[in-house]
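Q: I have a structure here, written as structure tokens, and I will follow up with some questions on it.
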Amino acid sequence: MPAIPPRRSRPAMLAGLLIPALLLAACAGHEVDFQGEGDGVVGQGAPVRAVLETPSVGTVGDDAADDPAVWASKTPVTVEGVQTPGFVVGTDKKAGLYVYGFDGAILQFMPEGLLNNVDVAEGLNVDGRPQLLIGASDRTPGRMGVALYLFDPAGTGDNKVRYWGSITTDVVEPYGFCLARRGEEIHAILVGHEGELRQFVVAAGADGRPSAQLVRRAEIGSISEGCAADPATDALYVNEENVGLWRYSLDPASGGTRTLVQPVAPGVLVADAEGLTTLTDGEARYLIASSQGDSTFPVWRIDGAAPQYKGRFVVVDGTVDGVTGTDGLAALGGPVGPFPEGLVVIQDDVNDTGTQNFKYLDWRDIRAALGL
């Protein structure tokens, strides 16, 4: 199994990116934090404990770990010679992309630059073979946009996640990102730091390389990041960090039409409103958000005509430490390796045992805590 990258040096490919990265940080300097992300502020919510955690990401002393995504396979797959029933991908936004097992161990690390949000989608065929598509918002100077990766579920031996190509955009600073299946199409949604919304249809061209058609341009209004799709209701959810949670149609023809699901408000959704994820649990589907300003996680049921707020949870100390100041989170319902009814993975900004990392929660514990 590959070791974590050296903790006192970044991957060599990033050596020339220090100044551009500082410029990006300066560009984001106007962001307003209402309660101070990463300060350990924890609001009221039903207590839940994480069951395990990943190692700290390799970048020391920085705001680095950001966003995860979860994928489970019906049959075991091989990653770098290790058999696994699926995996979690997570970004170190100063260094690259991690692939973790469902035990939290590192299966693969890719020194891919300044990746921010990540997501996965099935249903893509490349050269006649079904592939798992992995996409991430990419802030690496010279390739601003979306980085695309493939994983071959049928691969063996040295099978691994591999770079496929990129989507270039006019977005000043790529920030939030999510993927969605809409009919037979795979849609990639990019959210910019300045509130840009761009939606693409991604496919494999005749040469096996990625093609992307821009199908929607809209403006959210101000700094935005988290997004998540619910194809069953043709909905797209976006967090405008200091304003609230919006519901758009996933149909790109709807343009900028939207409904405010939840404004930023004490006790429900506290700025910065960050990550978003959906989870299917039998007949029910849920939306989980990261209320970063008070380290809580509000939950809505979204399979009805309108989202219904169901309460909030917090991640408290247990076998591993609790969670504060979360950027991104991801969830998957149903059997997910050792999690029989679903897994929720949450980024931890203030990790007691090292630099930032990702915590794994059993969906059954969250469901019980909220009485769902």
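Labels for the structure tokens follow display order: chains A, B, ..., residues from 1 in each chain, ligands from 1.
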Running DSSP on the backbone, which parts of stretch 162-280 of chain A land in helix (DSSP H, G or I), as JSON, numbers by chain?
A: {"A": [231, 232, 233, 252, 253, 254]}
Q: Contacts of A:Val268 at 9 Å or less, counting only C-alpha atoms, minus same-chain residues fewer than 6 places along, as a list in words?
A: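 Answer for this query is Gln262, Ser291, Thr296, Phe297, Pro298, Gly311 and Arg312 of chain A.
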Q: How would the residues just picked look written out with N, CA and C atoms as a compact mmCIF listing (two decimals), in the first residue's frame?
A:
```
# COMPACT_ATOMS: atom_id res chain seq x y z
N GLN A 262 -33.36 27.33 2.26
CA GLN A 262 -33.05 27.72 3.63
C GLN A 262 -32.08 28.89 3.64
N SER A 291 -22.86 23.12 7.83
CA SER A 291 -23.00 24.46 8.40
C SER A 291 -21.67 24.79 9.06
N THR A 296 -22.04 22.10 12.39
CA THR A 296 -23.20 21.23 12.46
C THR A 296 -23.61 20.79 11.06
N PHE A 297 -24.54 19.82 11.01
CA PHE A 297 -24.92 19.22 9.74
C PHE A 297 -26.44 19.11 9.64
N PRO A 298 -27.09 20.13 9.03
CA PRO A 298 -28.54 20.07 8.85
C PRO A 298 -28.92 19.06 7.78
N GLY A 311 -33.74 18.34 11.03
CA GLY A 311 -32.89 18.55 12.19
C GLY A 311 -31.42 18.57 11.84
N ARG A 312 -30.58 18.70 12.87
CA ARG A 312 -29.13 18.79 12.68
C ARG A 312 -28.41 17.78 13.58
```
Q: Please provide as number ranges by chain all residues within 9 Å of A:Val88, with the sequence filter that same-chain residues fewer than 6 positions apart are discarded (counting only C-alpha atoms).
A: A: 68-72, 98-102, 104, 345
Q: Could you dump the residues just selected with N, CA, C and O atoms as an mmCIF file, in the first residue's frame?
A:
```
data_model
loop_
_atom_site.group_PDB
_atom_site.id
_atom_site.type_symbol
_atom_site.label_atom_id
_atom_site.label_comp_id
_atom_site.auth_asym_id
_atom_site.auth_seq_id
_atom_site.Cartn_x
_atom_site.Cartn_y
_atom_site.Cartn_z
ATOM 1 N N PRO A 68 -14.697 15.037 -0.029
ATOM 2 C CA PRO A 68 -14.645 13.627 -0.404
ATOM 3 C C PRO A 68 -15.779 13.241 -1.353
ATOM 4 O O PRO A 68 -16.713 14.007 -1.589
ATOM 5 N N ALA A 69 -15.694 12.021 -1.862
ATOM 6 C CA ALA A 69 -16.776 11.377 -2.612
ATOM 7 C C ALA A 69 -16.690 9.881 -2.326
ATOM 8 O O ALA A 69 -15.604 9.355 -2.059
ATOM 9 N N VAL A 70 -17.836 9.183 -2.379
ATOM 10 C CA VAL A 70 -17.907 7.769 -2.001
ATOM 11 C C VAL A 70 -18.433 6.957 -3.178
ATOM 12 O O VAL A 70 -19.421 7.349 -3.826
ATOM 13 N N TRP A 71 -17.788 5.805 -3.430
ATOM 14 C CA TRP A 71 -18.268 4.886 -4.469
ATOM 15 C C TRP A 71 -18.173 3.458 -3.948
ATOM 16 O O TRP A 71 -17.155 3.058 -3.367
ATOM 17 N N ALA A 72 -19.234 2.684 -4.155
ATOM 18 C CA ALA A 72 -19.257 1.271 -3.775
ATOM 19 C C ALA A 72 -19.527 0.427 -5.006
ATOM 20 O O ALA A 72 -20.306 0.812 -5.879
ATOM 21 N N TYR A 98 -6.459 11.840 -3.053
ATOM 22 C CA TYR A 98 -6.271 10.582 -2.321
ATOM 23 C C TYR A 98 -7.380 9.605 -2.685
ATOM 24 O O TYR A 98 -8.523 10.002 -2.935
ATOM 25 N N VAL A 99 -7.049 8.321 -2.656
ATOM 26 C CA VAL A 99 -8.026 7.235 -2.742
ATOM 27 C C VAL A 99 -7.877 6.422 -1.468
ATOM 28 O O VAL A 99 -6.787 5.930 -1.154
ATOM 29 N N TYR A 100 -8.978 6.307 -0.710
ATOM 30 C CA TYR A 100 -8.968 5.607 0.576
ATOM 31 C C TYR A 100 -9.850 4.360 0.511
ATOM 32 O O TYR A 100 -10.875 4.346 -0.176
ATOM 33 N N GLY A 101 -9.484 3.343 1.279
ATOM 34 C CA GLY A 101 -10.352 2.195 1.461
ATOM 35 C C GLY A 101 -11.435 2.509 2.481
ATOM 36 O O GLY A 101 -11.426 3.554 3.133
ATOM 37 N N PHE A 102 -12.379 1.594 2.634
ATOM 38 C CA PHE A 102 -13.448 1.796 3.614
ATOM 39 C C PHE A 102 -12.967 1.586 5.051
ATOM 40 O O PHE A 102 -13.730 1.781 5.997
ATOM 41 N N GLY A 104 -10.327 3.422 5.876
ATOM 42 C CA GLY A 104 -9.615 4.678 6.027
ATOM 43 C C GLY A 104 -8.191 4.668 5.528
ATOM 44 O O GLY A 104 -7.547 5.716 5.445
ATOM 45 N N VAL A 345 -19.029 10.521 4.887
ATOM 46 C CA VAL A 345 -17.627 10.899 5.079
ATOM 47 C C VAL A 345 -17.567 12.421 5.184
ATOM 48 O O VAL A 345 -18.110 13.130 4.338
#
```
Q: Excluding same-chain residues fewer than 2 positions from stretch 128-135 of chain A, what lies within 10 Å of it counting only C-alpha atoms, as a ChimeraX atom specification?
A: /A:69,71,89,115,117-126,137-138,146-155,161-167,177-179,186,188-189,202,208
Q: Which one is closest to A:Val320: A:Pro340, A:Ala64, A:Glu112, A:Phe358? Count only C-alpha atoms.
A: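 Once distances to A:Val320 are computed over only C-alpha atoms, the minimum belongs to A:Phe358.
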Q: For A:Gly221, which residue among A:Lys94, A:His193, A:Arg209, A:Lys310 is the nearest when counting only C-alpha atoms?
A: A:His193
Q: Using only C-alpha atoms, I'd like a table of the residues in stretch 267-290 of chain A that come within 7 Å of stretch 222-227 of chain A; for each, show the closest atom pair and its distance in Å rounded to one decimal, ordered by chain and ascending number, as a Markdown table.
A:
```
| residue | atom | partner | partner_atom | distance |
| --- | --- | --- | --- | --- |
| A:Glu274 | CA | A:Gly226 | CA | 5.2 |
| A:Gly275 | CA | A:Gly226 | CA | 4.3 |
| A:Leu276 | CA | A:Gly226 | CA | 5.2 |
```
Q: May I have the residues from that selection written out with C-alpha atoms, as a compact mmCIF listing (two decimals), in the first residue's frame?
A:
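The result, written out as out.txt:
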```
# COMPACT_ATOMS: atom_id res chain seq x y z
CA GLU A 274 -20.29 24.75 2.64
CA GLY A 275 -20.55 21.13 1.49
CA LEU A 276 -23.66 19.31 0.24
```
Q: Would you mind listing what lies within 7 Å of A:Arg49 as a PyMOL selection string, with only C-alpha atoms counted and same-chain residues fewer than 2 positions away left out?
A: chain A and resi 47+51+315-318+361
Q: Any chance you could export the current selection's C-alpha atoms as a PDB file, in the first residue's frame?
A:
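Okay, part05.pdb is ready:
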```
ATOM      1  CA  PRO A  47     -24.634  13.975  18.877  1.00  0.00           C
ATOM      2  CA  VAL A  51     -16.346   5.222  13.709  1.00  0.00           C
ATOM      3  CA  VAL A 315     -19.931  14.840  15.368  1.00  0.00           C
ATOM      4  CA  VAL A 316     -18.596  14.482  18.911  1.00  0.00           C
ATOM      5  CA  ASP A 317     -15.542  12.770  20.426  1.00  0.00           C
ATOM      6  CA  GLY A 318     -15.635   8.983  20.570  1.00  0.00           C
ATOM      7  CA  LEU A 361     -19.805   7.862  10.042  1.00  0.00           C
TER       8      LEU A 361
END
```
Q: Could you tell me how far atom CA of A:Asp348 lies from atom CA of A:Gly322, in Å and to one decimal?
A: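 About the pair atom CA of A:Asp348 and atom CA of A:Gly322: they are 8.0 Å apart.
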Q: Looking at only C-alpha atoms, which of A:Glu219, A:Asp127, A:Glu173, A:Glu341 is the one that sits closest to A:Asp207?
A: A:Asp127
Q: Any chance you could list, as a PyMOL selection string, the residues in stretch 15-158 of chain A that come up strand (DSSP E or B) when DSSP is run on the backbone?
A: chain A and resi 46-49+52-53+65-79+82-92+96-100+106-110+115-126+129-138+145-151
Q: So the first atom is atom CA of A:His187 and the second is atom CA of A:Gln199; what is the distance between them in Å, to one decimal place?
A: 6.7 Å
